[in-house]
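Step one of this worksheet: look at the structure below.
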Amino acid sequence: EKNPAYVLPALRRYLIQLLTYLDQSMDSKCREESARLLGCLIRSCPWLILPYIAPIHKALVARLCEGTGPMANIVLAAGVLATVGELAKVGGFAMRQYLPELMPLVVDALLDGGSVSKREVAVATLGQVIQSTG
């Protein structure tokens, strides 16, 4: 049997680093990659993510809020939406408290006429959120 105690501190540092890059990086490519890597981390280590649902949700919603309007980075918004879906799958019922804040942002992405890929990701995210939260 393997002991996860050696890996957990490094994964937590990596999680915090990704959240910092997502929040504070001035480079949109860095934020986009941070969102995608955060989604991979959420998918790969659900037991690590559970205590950090609130700060992850806060960072993702902040990026979704800035991802609306004519100057929005569509690729970043799509990556963040995909990560929101992964967080909903892992968070499950605990994500219900965030639905009033989250659902209008997902619906706005669905209504975005400028990007087909963003709408496709929004549909997948909506399905994951609904399926996971009941």
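Every chain in the structure tokens takes a letter, A first, then B, and so on in the order presented; its residues are numbered from 1, and the ligands are numbered from 1 following the presented order.
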
I'd like the neighbourhood of range 37-43 of chain A as number ranges by chain, where a residue qualifies if any of its atoms comes within 9 Å (using only C-alpha atoms), though same-chain residues fewer than 3 positions away should be ignored. A: 11, 15, 18-19, 32-34, 46-49, 56, 79-80, 82-87, 89-90

Go ahead and save the picked residues with C-alpha atoms, as a short mmCIF file (atom, residue, chain, number, x, y, z; two decimals), in the first residue's frame.
data_model
loop_
_atom_site.label_atom_id
_atom_site.label_comp_id
_atom_site.auth_asym_id
_atom_site.auth_seq_id
_atom_site.Cartn_x
_atom_site.Cartn_y
_atom_site.Cartn_z
CA LEU A 11 -0.24 18.73 -4.81
CA LEU A 15 -3.26 23.74 -6.48
CA LEU A 18 -2.67 27.31 -10.21
CA LEU A 19 -5.27 29.38 -8.35
CA GLU A 32 -6.06 29.71 -19.86
CA GLU A 33 -3.47 27.01 -19.19
CA SER A 34 -3.98 27.36 -15.44
CA PRO A 46 -10.94 14.57 -6.21
CA TRP A 47 -10.06 13.80 -2.58
CA LEU A 48 -7.56 16.67 -2.59
CA ILE A 49 -10.06 19.14 -4.04
CA ILE A 56 -11.67 27.22 -6.48
CA GLY A 79 -11.47 26.44 -20.33
CA VAL A 80 -12.95 27.92 -17.17
CA ALA A 82 -14.92 23.06 -18.53
CA THR A 83 -13.18 23.33 -15.16
CA VAL A 84 -16.45 24.39 -13.53
CA GLY A 85 -17.99 21.19 -14.89
CA GLU A 86 -15.17 19.11 -13.42
CA LEU A 87 -15.57 20.88 -10.08
CA LYS A 89 -18.63 16.46 -10.75
CA VAL A 90 -16.22 16.29 -7.82
#

May I have all residues of chain A that DSSP, computed from the backbone, assigns to alpha helix (DSSP H), given as number ranges by chain? A: 8-24, 28-44, 46-49, 53-66, 74-91, 99-111, 116-133

Filtering to C-alpha atoms, could you give me those residues as an mmCIF file, in the first residue's frame?
data_model
loop_
_atom_site.group_PDB
_atom_site.id
_atom_site.type_symbol
_atom_site.label_atom_id
_atom_site.label_comp_id
_atom_site.auth_asym_id
_atom_site.auth_seq_id
_atom_site.Cartn_x
_atom_site.Cartn_y
_atom_site.Cartn_z
ATOM 1 C CA LEU A 8 -0.266 15.691 -0.755
ATOM 2 C CA PRO A 9 1.822 18.737 0.251
ATOM 3 C CA ALA A 10 3.226 19.060 -3.267
ATOM 4 C CA LEU A 11 -0.239 18.728 -4.809
ATOM 5 C CA ARG A 12 -1.626 21.364 -2.437
ATOM 6 C CA ARG A 13 1.185 23.746 -3.370
ATOM 7 C CA TYR A 14 0.458 23.093 -7.038
ATOM 8 C CA LEU A 15 -3.259 23.745 -6.485
ATOM 9 C CA ILE A 16 -2.530 27.053 -4.766
ATOM 10 C CA GLN A 17 -0.063 27.991 -7.496
ATOM 11 C CA LEU A 18 -2.666 27.311 -10.206
ATOM 12 C CA LEU A 19 -5.268 29.381 -8.352
ATOM 13 C CA THR A 20 -2.771 32.226 -8.001
ATOM 14 C CA TYR A 21 -1.936 32.136 -11.709
ATOM 15 C CA LEU A 22 -5.623 32.029 -12.590
ATOM 16 C CA ASP A 23 -6.354 35.000 -10.350
ATOM 17 C CA GLN A 24 -3.360 37.263 -10.770
ATOM 18 C CA SER A 28 -4.261 35.427 -20.785
ATOM 19 C CA LYS A 29 -2.467 32.336 -22.111
ATOM 20 C CA CYS A 30 -1.138 31.620 -18.620
ATOM 21 C CA ARG A 31 -4.648 31.974 -17.158
ATOM 22 C CA GLU A 32 -6.058 29.707 -19.862
ATOM 23 C CA GLU A 33 -3.466 27.010 -19.193
ATOM 24 C CA SER A 34 -3.979 27.363 -15.441
ATOM 25 C CA ALA A 35 -7.713 26.789 -15.877
ATOM 26 C CA ARG A 36 -7.129 23.686 -17.991
ATOM 27 C CA LEU A 37 -4.500 22.291 -15.604
ATOM 28 C CA LEU A 38 -6.796 22.991 -12.673
ATOM 29 C CA GLY A 39 -9.470 20.936 -14.426
ATOM 30 C CA CYS A 40 -6.994 18.073 -14.854
ATOM 31 C CA LEU A 41 -6.027 18.278 -11.185
ATOM 32 C CA ILE A 42 -9.677 18.277 -10.116
ATOM 33 C CA ARG A 43 -10.403 15.261 -12.292
ATOM 34 C CA SER A 44 -7.297 13.372 -11.115
ATOM 35 C CA PRO A 46 -10.945 14.569 -6.205
ATOM 36 C CA TRP A 47 -10.063 13.797 -2.582
ATOM 37 C CA LEU A 48 -7.565 16.670 -2.586
ATOM 38 C CA ILE A 49 -10.065 19.145 -4.037
ATOM 39 C CA ILE A 53 -14.207 23.869 -3.339
ATOM 40 C CA ALA A 54 -14.993 27.401 -2.108
ATOM 41 C CA PRO A 55 -11.721 29.106 -3.175
ATOM 42 C CA ILE A 56 -11.667 27.222 -6.475
ATOM 43 C CA HIS A 57 -15.256 28.243 -7.162
ATOM 44 C CA LYS A 58 -14.467 31.865 -6.289
ATOM 45 C CA ALA A 59 -11.521 31.976 -8.705
ATOM 46 C CA LEU A 60 -13.486 30.341 -11.522
ATOM 47 C CA VAL A 61 -16.506 32.623 -11.110
ATOM 48 C CA ALA A 62 -14.238 35.672 -11.145
ATOM 49 C CA ARG A 63 -12.810 34.559 -14.497
ATOM 50 C CA LEU A 64 -16.284 33.808 -15.863
ATOM 51 C CA CYS A 65 -17.500 37.261 -14.835
ATOM 52 C CA GLU A 66 -14.675 38.913 -16.737
ATOM 53 C CA ILE A 74 -13.297 32.976 -25.602
ATOM 54 C CA VAL A 75 -10.683 30.265 -25.133
ATOM 55 C CA LEU A 76 -10.163 31.241 -21.484
ATOM 56 C CA ALA A 77 -13.916 31.281 -20.869
ATOM 57 C CA ALA A 78 -14.298 27.834 -22.452
ATOM 58 C CA GLY A 79 -11.468 26.444 -20.325
ATOM 59 C CA VAL A 80 -12.947 27.915 -17.166
ATOM 60 C CA LEU A 81 -16.390 26.532 -18.031
ATOM 61 C CA ALA A 82 -14.922 23.059 -18.532
ATOM 62 C CA THR A 83 -13.179 23.334 -15.163
ATOM 63 C CA VAL A 84 -16.455 24.395 -13.530
ATOM 64 C CA GLY A 85 -17.991 21.192 -14.889
ATOM 65 C CA GLU A 86 -15.174 19.112 -13.425
ATOM 66 C CA LEU A 87 -15.570 20.884 -10.080
ATOM 67 C CA ALA A 88 -19.303 20.150 -10.116
ATOM 68 C CA LYS A 89 -18.635 16.457 -10.751
ATOM 69 C CA VAL A 90 -16.224 16.289 -7.825
ATOM 70 C CA GLY A 91 -18.098 18.648 -5.498
ATOM 71 C CA LEU A 99 -25.877 27.504 -8.087
ATOM 72 C CA PRO A 100 -27.543 30.950 -7.800
ATOM 73 C CA GLU A 101 -24.224 32.586 -8.654
ATOM 74 C CA LEU A 102 -23.080 30.004 -11.187
ATOM 75 C CA MET A 103 -26.147 29.320 -13.319
ATOM 76 C CA PRO A 104 -26.545 32.839 -14.793
ATOM 77 C CA LEU A 105 -22.917 32.718 -15.948
ATOM 78 C CA VAL A 106 -23.378 29.338 -17.632
ATOM 79 C CA VAL A 107 -26.610 30.508 -19.274
ATOM 80 C CA ASP A 108 -24.851 33.665 -20.514
ATOM 81 C CA ALA A 109 -22.201 31.448 -22.091
ATOM 82 C CA LEU A 110 -24.974 29.420 -23.739
ATOM 83 C CA LEU A 111 -26.448 32.582 -25.213
ATOM 84 C CA VAL A 116 -19.752 27.917 -31.052
ATOM 85 C CA SER A 117 -17.029 26.195 -29.019
ATOM 86 C CA LYS A 118 -17.890 28.237 -25.929
ATOM 87 C CA ARG A 119 -21.556 27.269 -26.283
ATOM 88 C CA GLU A 120 -20.654 23.586 -26.672
ATOM 89 C CA VAL A 121 -18.562 23.677 -23.513
ATOM 90 C CA ALA A 122 -21.357 25.565 -21.732
ATOM 91 C CA VAL A 123 -23.867 22.834 -22.654
ATOM 92 C CA ALA A 124 -21.519 20.143 -21.343
ATOM 93 C CA THR A 125 -20.902 22.157 -18.166
ATOM 94 C CA LEU A 126 -24.615 22.698 -17.639
ATOM 95 C CA GLY A 127 -25.173 18.952 -17.940
ATOM 96 C CA GLN A 128 -22.407 18.187 -15.446
ATOM 97 C CA VAL A 129 -23.680 20.771 -12.959
ATOM 98 C CA ILE A 130 -27.273 19.545 -13.162
ATOM 99 C CA GLN A 131 -26.289 15.891 -12.969
ATOM 100 C CA SER A 132 -23.968 16.431 -10.002
ATOM 101 C CA THR A 133 -26.071 18.771 -7.890
#

How far is it from CA of Gly134 in chain A to CA of Arg96 in chain A, in Å with one decimal?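 According to the coordinates, CA of Gly134 in chain A and CA of Arg96 in chain A are separated by 8.3 Å.
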